[in-house]
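Structure file start-v4.txt (compact mmCIF, C-alpha atoms) follows.
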# COMPACT_ATOMS: atom_id res chain seq x y z
CA LYS X 20 -19.94 16.34 -19.91
CA LEU X 21 -21.44 18.42 -17.12
CA GLY X 22 -19.85 16.08 -14.56
CA ARG X 23 -16.43 16.42 -16.18
CA VAL X 24 -16.74 20.22 -16.39
CA PHE X 25 -17.72 20.41 -12.73
CA THR X 26 -14.91 18.06 -11.68
CA GLY X 27 -12.40 20.10 -13.66
CA TRP X 28 -13.66 23.31 -12.05
CA VAL X 29 -13.31 21.83 -8.56
CA GLN X 30 -9.79 20.60 -9.32
CA ARG X 31 -8.75 23.99 -10.73
CA SER X 32 -10.23 25.78 -7.74
CA PHE X 33 -8.40 23.45 -5.32
CA GLN X 34 -5.11 23.87 -7.16
CA SER X 35 -5.47 27.67 -7.14
CA THR X 36 -6.18 27.68 -3.42
CA GLN X 37 -3.28 25.32 -2.78
CA ALA X 38 -0.88 27.46 -4.82
CA ALA X 39 -1.94 30.57 -2.92
CA THR X 40 -1.39 28.87 0.42
CA ALA X 41 1.96 27.43 -0.61
CA SER X 42 3.23 30.84 -1.69
CA GLN X 43 2.90 32.08 1.90
CA ASN X 44 5.28 29.43 3.24
CA THR X 45 9.02 30.00 3.28
CA CYS X 46 9.85 26.54 1.93
CA ALA X 47 7.20 26.61 -0.80
CA ALA X 48 7.94 27.35 -4.42
CA ASP X 49 7.64 30.88 -5.82
CA ASP X 50 4.69 31.91 -8.03
CA ASN X 51 6.17 30.53 -11.24
CA LYS X 52 7.08 27.19 -9.67
CA ALA X 53 3.71 26.84 -7.93
CA THR X 54 1.89 26.78 -11.27
CA SER X 55 4.19 24.12 -12.76
CA PRO X 56 3.17 20.41 -12.62
CA VAL X 57 5.82 19.67 -9.98
CA PRO X 58 7.41 22.65 -8.17
CA LYS X 59 11.18 22.42 -8.45
CA ASP X 60 11.77 22.50 -4.69
CA CYS X 61 8.91 20.16 -3.76
CA PRO X 62 10.23 17.16 -1.79
CA VAL X 63 7.41 14.93 -3.08
CA CYS X 64 7.80 13.48 -6.58
CA SER X 65 7.41 9.83 -7.52
CA TYR X 66 5.89 8.29 -10.65
CA ASN X 67 6.82 4.61 -10.48
CA GLU X 68 8.33 1.84 -8.36
CA TRP X 69 11.91 1.87 -9.68
CA ASP X 70 13.37 5.33 -10.34
CA PRO X 71 16.30 6.21 -8.01
CA LEU X 72 14.92 6.46 -4.47
CA GLU X 73 15.79 9.65 -2.60
CA GLU X 74 13.27 9.92 0.25
CA VAL X 75 10.99 7.40 1.93
CA ILE X 76 8.60 6.98 4.86
CA VAL X 77 9.26 3.82 6.89
CA GLY X 78 6.58 2.52 9.25
CA ARG X 79 6.70 1.77 12.99
CA ALA X 80 5.94 -1.45 14.85
CA GLU X 81 5.74 0.33 18.20
CA ASN X 82 2.48 -0.29 20.10
CA ALA X 83 1.14 -2.58 17.37
CA CYS X 84 -2.20 -4.11 18.39
CA VAL X 85 -4.12 -7.12 17.12
CA PRO X 86 -7.30 -5.92 15.38
CA PRO X 87 -10.61 -7.18 16.80
CA PHE X 88 -11.94 -10.23 14.98
CA SER X 89 -14.63 -8.56 12.87
CA VAL X 90 -16.01 -9.81 9.55
CA GLU X 91 -13.58 -7.80 7.41
CA VAL X 92 -10.59 -9.12 9.37
CA LYS X 93 -11.86 -12.69 9.13
CA ALA X 94 -12.15 -12.39 5.34
CA ASN X 95 -8.52 -11.26 5.02
CA THR X 96 -6.77 -13.72 7.31
CA TYR X 97 -6.02 -17.42 7.28
CA GLU X 98 -8.21 -19.79 9.26
CA LYS X 99 -5.32 -21.17 11.32
CA TYR X 100 -4.92 -17.71 12.93
CA TRP X 101 -8.58 -17.03 13.68
CA GLY X 102 -8.18 -18.28 17.24
CA PHE X 103 -5.29 -15.85 17.70
CA TYR X 104 -7.53 -12.91 16.71
CA GLN X 105 -10.40 -14.11 18.86
CA LYS X 106 -8.13 -14.36 21.89
CA PHE X 107 -5.93 -11.27 21.47
CA GLY X 108 -8.08 -8.82 19.47
CA GLY X 109 -7.62 -5.32 20.91
CA GLN X 110 -4.42 -6.32 22.73
CA SER X 111 -0.77 -5.98 21.83
CA PHE X 112 0.90 -8.37 19.44
CA PRO X 113 3.36 -10.60 21.38
CA LYS X 114 5.73 -8.06 22.94
CA ASP X 115 8.96 -10.01 22.40
CA HIS X 116 8.08 -10.46 18.75
CA VAL X 117 7.28 -6.76 18.32
CA LYS X 118 10.55 -5.82 20.01
CA LYS X 119 12.47 -7.89 17.45
CA ALA X 120 10.45 -6.36 14.60
CA ILE X 121 11.30 -2.86 15.86
CA ALA X 122 15.01 -3.72 15.86
CA GLU X 123 14.80 -5.11 12.32
CA ILE X 124 13.11 -1.99 10.97
CA GLU X 125 15.63 0.25 12.72
CA GLU X 126 18.39 -1.66 10.94
CA MET X 127 16.52 -1.33 7.67
CA CYS X 128 16.34 2.44 8.19
CA ASN X 129 20.07 2.61 8.93
CA ILE X 130 20.86 0.72 5.73
CA LEU X 131 18.59 2.96 3.67
CA LYS X 132 20.38 6.01 5.07
CA LYS X 133 23.76 4.48 4.19
CA GLU X 134 22.46 4.04 0.65
CA GLY X 135 21.81 7.80 0.51
CA VAL X 136 18.05 7.74 1.15
CA ILE X 137 16.34 10.26 3.46
CA VAL X 138 14.11 8.37 5.94
CA LYS X 139 11.02 9.78 7.68
CA ARG X 140 9.00 7.97 10.37
CA PRO X 141 5.37 8.30 11.53
CA ASP X 142 4.56 9.32 15.08
CA PRO X 143 4.17 6.63 17.78
CA ILE X 144 0.56 6.32 18.98
CA ASP X 145 -1.17 4.17 21.58
CA TRP X 146 -3.28 1.96 19.33
CA SER X 147 -4.96 0.14 22.21
CA VAL X 148 -7.22 3.13 22.96
CA LYS X 149 -10.84 2.32 22.12
CA TYR X 150 -12.68 4.80 19.89
CA LYS X 151 -16.29 5.14 18.84
CA THR X 152 -18.10 6.65 15.87
CA PRO X 153 -21.87 6.82 15.27
CA ASP X 154 -21.53 3.53 13.35
CA PHE X 155 -19.05 1.35 15.25
CA GLU X 156 -16.50 1.12 18.03
CA CYS X 157 -13.06 -0.42 17.81
CA THR X 158 -9.41 -0.26 18.84
CA GLY X 159 -6.56 0.67 16.50
CA MET X 160 -3.85 -1.43 14.90
CA TYR X 161 -0.53 0.24 13.96
CA ALA X 162 1.35 2.62 11.68
CA ALA X 163 3.62 -0.10 10.35
CA MET X 164 2.63 -0.09 6.68
CA PRO X 165 2.64 3.39 5.09
CA ARG X 166 2.17 1.74 1.68
CA ASP X 167 -1.33 0.72 2.80
CA ILE X 168 -2.51 4.25 3.53
CA LEU X 169 -0.42 6.59 1.35
CA LEU X 170 -0.12 6.70 -2.44
CA VAL X 171 2.25 9.18 -4.06
CA VAL X 172 1.42 10.15 -7.63
CA GLY X 173 3.73 12.84 -8.96
CA ASN X 174 3.84 15.55 -6.30
CA GLU X 175 0.53 14.50 -4.76
CA ILE X 176 0.10 12.47 -1.57
CA ILE X 177 -3.23 10.65 -1.50
CA GLU X 178 -4.50 9.40 1.86
CA ALA X 179 -6.46 6.19 1.33
CA PRO X 180 -9.78 5.83 3.19
CA MET X 181 -8.94 2.24 4.28
CA ALA X 182 -11.48 -0.55 4.79
CA TRP X 183 -10.76 -2.05 8.23
CA ARG X 184 -12.40 -0.42 11.21
CA ALA X 185 -9.20 -0.97 13.19
CA ARG X 186 -7.42 1.33 10.71
CA PHE X 187 -9.98 4.17 10.72
CA PHE X 188 -7.69 6.61 12.54
CA GLU X 189 -4.35 5.34 11.22
CA TYR X 190 -3.83 8.56 9.27
CA ARG X 191 -3.15 10.42 12.52
CA ALA X 192 0.35 8.94 12.77
CA TYR X 193 1.31 10.47 9.40
CA ARG X 194 -0.31 13.91 9.65
CA ARG X 195 2.79 15.71 10.97
CA ILE X 196 4.91 14.47 8.05
CA ILE X 197 2.25 15.17 5.44
CA LYS X 198 1.74 18.72 6.71
CA GLU X 199 5.48 19.31 6.36
CA TYR X 200 5.36 18.10 2.75
CA PHE X 201 2.27 20.21 2.07
CA ASN X 202 3.97 23.31 3.46
CA CYS X 203 6.85 22.65 1.07
CA GLY X 204 4.64 22.58 -2.04
CA ALA X 205 3.19 19.06 -2.25
CA LYS X 206 -0.43 18.41 -3.11
CA TRP X 207 -2.38 16.66 -0.36
CA THR X 208 -5.61 14.79 -1.00
CA THR X 209 -7.70 12.78 1.43
CA ALA X 210 -10.10 10.37 -0.26
CA PRO X 211 -13.70 10.33 1.05
CA LYS X 212 -13.68 8.80 4.50
CA PRO X 213 -16.13 5.87 4.67
CA THR X 214 -18.52 5.61 7.58
CA MET X 215 -17.62 1.90 7.86
CA ALA X 216 -21.23 1.23 8.79
CA ASP X 217 -22.44 -2.37 8.79
CA GLU X 218 -23.70 -1.91 5.21
CA LEU X 219 -20.12 -1.66 3.91
CA TYR X 220 -19.55 -5.33 4.79
CA ASP X 221 -21.31 -8.53 3.81
CA GLN X 222 -22.02 -9.73 7.33
CA ASP X 223 -22.80 -13.25 6.06
CA TYR X 224 -19.75 -13.57 3.80
CA PRO X 225 -19.21 -17.38 3.57
CA ILE X 226 -15.53 -18.18 4.02
CA SER X 227 -15.37 -21.49 5.84
CA SER X 228 -12.74 -22.81 3.41
CA VAL X 229 -10.17 -21.71 0.84
CA GLU X 230 -12.37 -23.28 -1.84
CA ASP X 231 -15.19 -20.94 -0.81
CA ARG X 232 -12.89 -17.97 -1.16
CA HIS X 233 -11.70 -19.06 -4.60
CA LYS X 234 -15.27 -19.40 -5.85
CA LEU X 235 -16.41 -16.08 -4.40
CA ALA X 236 -13.39 -14.14 -5.69
CA ALA X 237 -13.87 -15.69 -9.15
CA GLN X 238 -17.48 -14.48 -9.06
CA GLY X 239 -16.38 -10.99 -8.06
CA LYS X 240 -17.84 -11.29 -4.58
CA PHE X 241 -15.95 -9.81 -1.66
CA VAL X 242 -16.56 -8.96 1.98
CA THR X 243 -16.73 -5.25 1.16
CA THR X 244 -19.86 -4.09 -0.65
CA GLU X 245 -20.41 -1.06 -2.90
CA PHE X 246 -22.18 0.86 -0.12
CA GLU X 247 -19.55 3.63 -0.24
CA PRO X 248 -16.03 4.06 -1.68
CA CYS X 249 -13.20 2.29 0.11
CA PHE X 250 -9.67 1.33 -0.86
CA ASP X 251 -6.23 0.64 0.55
CA ALA X 252 -3.40 2.37 -1.30
CA ALA X 253 -1.46 -0.92 -1.45
CA ASP X 254 -3.95 -2.29 -3.98
CA PHE X 255 -2.52 0.19 -6.52
CA ILE X 256 0.88 -0.12 -8.22
CA ARG X 257 2.40 2.56 -10.47
CA ALA X 258 4.09 2.51 -13.86
CA GLY X 259 4.20 6.14 -14.95
CA ARG X 260 0.97 7.20 -16.65
CA ASP X 261 -0.51 3.75 -16.07
CA ILE X 262 -1.63 2.66 -12.61
CA PHE X 263 -2.86 -0.88 -11.96
CA VAL X 264 -5.33 -1.87 -9.25
CA GLN X 265 -7.18 -4.96 -8.10
CA ARG X 266 -10.69 -5.21 -6.70
CA SER X 267 -10.01 -6.89 -3.37
CA GLN X 268 -11.45 -7.50 0.07
CA VAL X 269 -10.44 -3.95 1.04
CA THR X 270 -10.79 -2.08 -2.27
CA ASN X 271 -14.19 -1.84 -3.96
CA TYR X 272 -15.20 -0.61 -7.41
CA MET X 273 -16.50 2.69 -6.02
CA GLY X 274 -13.06 3.35 -4.54
CA ILE X 275 -11.38 2.47 -7.84
CA GLU X 276 -13.77 4.75 -9.76
CA TRP X 277 -13.03 7.60 -7.35
CA MET X 278 -9.32 7.18 -8.06
CA ARG X 279 -9.92 6.91 -11.81
CA ARG X 280 -11.84 10.19 -11.91
CA HIS X 281 -9.46 11.92 -9.53
CA LEU X 282 -6.34 11.05 -11.56
CA ALA X 283 -7.83 11.55 -15.05
CA PRO X 284 -6.81 12.63 -17.62
CA ASP X 285 -3.09 12.49 -16.79
CA TYR X 286 -3.17 8.91 -15.50
CA ARG X 287 -4.94 5.75 -16.63
CA VAL X 288 -6.22 3.36 -13.96
CA HIS X 289 -6.48 -0.28 -15.09
CA VAL X 290 -8.29 -3.01 -13.12
CA ILE X 291 -6.47 -6.34 -13.19
CA SER X 292 -7.39 -9.55 -11.38
CA PHE X 293 -5.80 -12.74 -10.17
CA LYS X 294 -6.61 -16.29 -9.19
CA ASP X 295 -6.41 -15.43 -5.52
CA PRO X 296 -8.69 -16.70 -2.73
CA ASN X 297 -7.70 -13.86 -0.43
CA PRO X 298 -7.03 -10.70 -2.46
CA MET X 299 -5.72 -7.88 -0.28
CA HIS X 300 -2.92 -5.62 -1.50
CA ILE X 301 -1.36 -6.19 -4.89
CA ASP X 302 2.37 -6.04 -4.11
CA ALA X 303 2.87 -9.65 -2.97
CA THR X 304 0.99 -10.80 -6.07
CA PHE X 305 2.13 -8.41 -8.80
CA ASN X 306 5.17 -6.22 -8.17
CA ILE X 307 6.47 -3.96 -10.95
CA ILE X 308 10.24 -3.67 -10.49
CA GLY X 309 11.42 -1.82 -13.59
CA PRO X 310 10.40 -0.42 -16.97
CA GLY X 311 9.03 -3.45 -18.78
CA LEU X 312 9.74 -5.81 -15.87
CA VAL X 313 7.22 -7.32 -13.46
CA LEU X 314 7.23 -10.05 -10.81
CA SER X 315 4.08 -12.16 -11.10
CA ASN X 316 3.20 -14.61 -8.31
CA PRO X 317 3.05 -18.14 -9.86
CA ASP X 318 0.42 -19.18 -7.30
CA ARG X 319 -1.82 -16.24 -8.27
CA PRO X 320 -1.72 -15.90 -12.06
CA CYS X 321 -2.91 -12.61 -13.57
CA TYR X 322 -5.90 -12.94 -15.87
CA GLN X 323 -4.84 -9.87 -17.89
CA ILE X 324 -1.16 -10.78 -18.28
CA ASP X 325 -1.39 -10.47 -22.09
CA LEU X 326 -1.74 -6.71 -21.63
CA PHE X 327 1.85 -6.68 -20.42
CA LYS X 328 3.20 -9.25 -22.83
CA LYS X 329 1.75 -7.43 -25.85
CA ALA X 330 3.44 -4.25 -24.63
CA GLY X 331 6.78 -6.09 -24.65
CA TRP X 332 7.08 -6.48 -20.91
CA THR X 333 9.06 -9.33 -19.34
CA VAL X 334 7.03 -11.30 -16.82
CA ILE X 335 9.10 -13.09 -14.17
CA HIS X 336 7.77 -15.74 -11.79
CA PRO X 337 9.73 -15.54 -8.53
CA PRO X 338 10.87 -18.74 -6.80
CA VAL X 339 8.95 -20.41 -3.98
CA PRO X 340 9.57 -18.55 -0.69
CA LEU X 341 11.94 -20.11 1.84
CA ILE X 342 10.25 -18.88 5.02
CA PRO X 343 9.56 -21.91 7.29
CA ASP X 344 6.03 -23.14 7.89
CA ASP X 345 6.23 -22.61 11.64
CA HIS X 346 7.07 -18.90 11.37
CA PRO X 347 4.00 -16.83 12.37
CA LEU X 348 2.48 -14.79 9.54
CA TRP X 349 -0.59 -13.42 11.28
CA MET X 350 -1.60 -11.04 8.51
CA SER X 351 0.00 -12.19 5.25
CA SER X 352 1.36 -15.07 3.19
CA LYS X 353 4.84 -16.42 2.55
CA TRP X 354 4.93 -14.49 -0.71
CA LEU X 355 6.21 -11.43 1.10
CA SER X 356 9.51 -12.67 -0.33
CA MET X 357 8.59 -10.86 -3.59
CA ASN X 358 7.44 -7.75 -1.70
CA VAL X 359 10.73 -5.99 -2.38
CA LEU X 360 11.76 -2.34 -2.52
CA MET X 361 13.63 -1.10 -5.59
CA LEU X 362 16.25 1.53 -4.75
CA ASP X 363 16.74 1.99 -8.47
CA GLU X 364 16.66 -0.23 -11.55
CA LYS X 365 19.87 -2.01 -10.48
CA ARG X 366 19.48 -2.19 -6.68
CA VAL X 367 16.83 -4.00 -4.66
CA MET X 368 16.24 -4.44 -0.93
CA VAL X 369 15.43 -8.09 -0.28
CA ASP X 370 15.13 -10.36 2.75
CA ALA X 371 18.51 -11.73 3.82
CA ASN X 372 16.98 -15.19 4.35
CA GLU X 373 15.47 -15.50 0.87
CA THR X 374 18.56 -16.73 -0.99
CA SER X 375 16.65 -18.09 -3.99
CA ILE X 376 15.07 -14.76 -4.90
CA GLN X 377 18.42 -13.08 -4.31
CA LYS X 378 19.89 -15.35 -7.00
CA MET X 379 16.99 -14.50 -9.29
CA PHE X 380 17.73 -10.77 -9.00
CA GLU X 381 21.46 -11.28 -9.48
CA ASN X 382 20.75 -13.24 -12.67
CA LEU X 383 18.79 -10.19 -13.85
CA GLY X 384 21.81 -7.96 -13.21
CA ILE X 385 20.24 -6.38 -10.12
CA SER X 386 22.40 -6.17 -7.00
CA THR X 387 20.72 -7.15 -3.73
CA ILE X 388 20.78 -5.21 -0.46
CA LYS X 389 20.09 -7.88 2.13
CA VAL X 390 18.19 -7.13 5.35
CA SER X 391 16.46 -9.60 7.66
CA ILE X 392 12.89 -8.61 8.52
CA ARG X 393 11.37 -11.98 9.41
CA HIS X 394 9.70 -10.71 12.59
CA ALA X 395 8.50 -7.58 10.80
CA ASN X 396 6.97 -9.88 8.14
CA SER X 397 4.74 -11.36 10.84
CA LEU X 398 2.94 -8.04 11.21
CA GLY X 399 1.82 -8.18 7.61
CA GLY X 400 4.37 -6.73 5.23
CA GLY X 401 7.63 -6.91 3.33
CA PHE X 402 9.91 -4.06 2.29
CA HIS X 403 7.40 -2.55 -0.13
CA CYS X 404 4.64 -2.57 2.52
CA TRP X 405 6.84 -1.08 5.24
CA THR X 406 7.72 1.90 3.05
CA CYS X 407 6.15 4.66 0.98
CA ASP X 408 8.53 6.24 -1.50
CA ILE X 409 8.15 10.01 -1.32
CA ARG X 410 10.71 11.05 -3.90
CA ARG X 411 12.28 9.19 -6.80
CA ARG X 412 14.52 10.94 -9.30
CA GLY X 413 12.66 10.62 -12.59
CA THR X 414 9.99 12.06 -14.87
CA LEU X 415 6.47 11.11 -15.86
CA GLN X 416 6.52 8.68 -18.79
CA SER X 417 4.27 6.19 -20.50
CA TYR X 418 5.46 2.58 -20.69
CA PHE X 419 2.47 1.21 -22.63
CA ASP X 420 1.94 3.58 -25.60

Any chance you could put this one into structure tokens?
Amino acid sequence: KLGRVFTGWVQRSFQSTQAATASQNTCAADDNKATSPVPKDCPVCSYNEWDPLEEVIVGRAENACVPPFSVEVKANTYEKYWGFYQKFGGQSFPKDHVKKAIAEIEEMCNILKKEGVIVKRPDPIDWSVKYKTPDFECTGMYAAMPRDILLVVGNEIIEAPMAWRARFFEYRAYRRIIKEYFNCGAKWTTAPKPTMADELYDQDYPISSVEDRHKLAAQGKFVTTEFEPCFDAADFIRAGRDIFVQRSQVTNYMGIEWMRRHLAPDYRVHVISFKDPNPMHIDATFNIIGPGLVLSNPDRPCYQIDLFKKAGWTVIHPPVPLIPDDHPLWMSSKWLSMNVLMLDEKRVMVDANETSIQKMFENLGISTIKVSIRHANSLGGGFHCWTCDIRRRGTLQSYFD
């Protein structure tokens, strides 16, 4: 009880301070609005993955660098690419490939704007610069995947602490945008920054084969320890008052518990798990696309799927991806085909090459907005990864009561 009282006092104190600061800014809400759950003029408001999209952050491929081949990177990548990381860690991804990815994302932004969505972009940064903390030294990676680092819950932007050393300073690319949103009334929370000391990682994590990974994941053993909280925002997916998360190679139970306490009592955080040898980010495994509608990866079945079925949800298994075997996917799997972005319940942004999943959506009565991002896929994300929805037109609801 004492802990809850103290936490509540801290939250109330923070909210009071935030409201006072916001009232001094010309674009912030007035006193009455500042005390409401979501100020009327606040540009940040999103409760789920499917309400009508009005504003979004889209990542950048510019200056993208290969992360050094450390233990946490090894545990999250496929063995056939380990030589690539060993050779190019700390250097740029292949420049011609990055150039094509940049062009694809620019086209994606243009299409989003034509669909009536406001698009914001992070700042370009030189990610090849080496940095050093008291616990490690590393180079950076990119600001391509805002979904990995930012989670919007209502009118609050939560900066994830991340788990890869190469992503320690990734937040810097987004600070200008977040400060603008804060000055206009949004809440802004930064989760506890991990030291990323050696103790956060199991330095002897045995992953010589996929079978090893299956066994370890089934036993609840991951490369990240419980030394301190860590999580990537992309391991969480929202459905109103209920938020689902997986314990993965980059999200530990301490990080999940921090989020649970931080969002209580208005939101319920549920841990779900999958038959997945390489769990990292939930949205190419389990992607909620509408009220009572979820895409569930047939290769990675959800152990808690009855929770959704008993609530009357429809569980859809997307078709096998069409991406060719020889296309480089340095940081992800082919299942980025199901990593789609809902513009609303009846419109979805999907890869132009994935005709089978397009047909699936059309059979569901959802029109497809087709964009090719094959080269952008190679950097580790689909449409959901490359974006963070800032504002969706909708209200907070419960879809499980």

Practice problem: Considering all atoms listed in the file, return as number ranges by chain whatever protein or nucleic-acid residues lie within 6 Å of Leu170 (chain X), sequence-local ones (same chain, fewer than 6 positions apart) excluded. | Solution: X: 176-177, 252

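Restricting the calculation to all atoms listed in the file, the smallest distance between Asp254 (chain X) and any of X:Cys157, X:Ala163, X:Ile388, X:His403 is found for X:His403.
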
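You can rank X:Asp295, X:Asp344, X:Glu125, X:Asp60 by their closest distance to Phe241 (chain X) using only C-alpha atoms, and at the top of that list sits X:Asp295.
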
Where is the centre and how long are the edges: axis-aligned box on region 347-364 of chain X, 8 Å on each side, Å to one decimal, as lines of an AutoDock Vina configuration file:
center_x = 7.6
center_y = -7.4
center_z = 0.4
size_x = 34.3
size_y = 34.8
size_z = 39.9

List every residue of region 285-363 of chain X that has an atom at most 8 Å from any atom of region 266-274 of chain X, giving for each one its closest atom pair and the distance in Å to one decimal, counting all atoms listed in the file, sorted by chain and then by ascending residue number, as a tab-separated table.
residue	atom	partner	partner_atom	distance
X:Val290	CA	X:Arg266	CA	7.2
X:Ile291	CA	X:Arg266	CA	7.8
X:Ser292	CA	X:Arg266	CA	7.2
X:Asn297	CA	X:Gln268	CA	7.4
X:Pro298	CA	X:Ser267	CA	4.9
X:Met299	CA	X:Ser267	CA	5.4
X:His300	CA	X:Ser267	CA	7.4

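Using all atoms listed in the file, the shortest contact distance between Pro86 (chain X) and any of X:Arg195, X:Lys329, X:Arg186, X:Arg411 is found at X:Arg186.
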
**Study point:** Exercise: region 366-376 of chain X partners within 9 Å, all atoms listed in the file, chain neighbours under 2 positions left out, as number ranges by chain
**Key:** X: 308, 337-342, 356-364, 378-381, 385-393, 401-402

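CA of Cys64 (chain X) lies 23.7 Å from CA of Gly400 (chain X).
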
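Counting from CA of Arg184 (chain X), the distance to CA of Pro153 (chain X) is 12.6 Å.
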
With 9 Å as the cut-off and only C-alpha atoms counted, what is the closest atom pair between each nearby residue of region 174-196 of chain X and region 65-82 of chain X? Distances in Å to one decimal, ordered by chain and number, as CSV.
residue,atom,partner,partner_atom,distance
X:Asn174,CA,X:Ser65,CA,6.9
X:Glu175,CA,X:Ser65,CA,8.8
X:Ile196,CA,X:Ile76,CA,8.9

Would you save the residues of that selection, restricted to C-alpha atoms, as a CSV table (one decimal), keeping the file's coordinate frame?
chain,number,residue,atom,x,y,z
X,174,ASN,CA,3.8,15.6,-6.3
X,175,GLU,CA,0.5,14.5,-4.8
X,196,ILE,CA,4.9,14.5,8.0

In Å and to one decimal, CA of Thr304 (chain X) is distant from CA of Ser351 (chain X) by 11.4 Å

task = Please provide the set of residues having any atom within 6 Å of region 281-288 of chain X, restricted to only C-alpha atoms, with same-chain residues fewer than 6 positions apart removed, written as JSON, numbers by chain.
result = {"X": [260, 261, 262, 263]}

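Take the candidates X:Val63, X:Cys203, X:Ala94, X:Ala237 and check each one against Tyr322 (chain X) using all atoms listed in the file; the shortest distance goes to X:Ala237.
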
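Among the candidates X:Tyr224, X:Trp146, X:Tyr161, X:Phe187, the one nearest to Glu91 (chain X) when counting all atoms listed in the file is X:Tyr224.
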
Restricting to only C-alpha atoms, whichever of X:Val171, X:Ile335, X:Cys61, X:Ile226 is closest to Gly259 (chain X) is X:Val171

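If you count only C-alpha atoms and ignore residues fewer than 5 places along the chain from Phe112 (chain X), what sits within 9 Å of it is Asn82, Ala83, Cys84, Val85, Phe107, Val117 and Leu398 of chain X.
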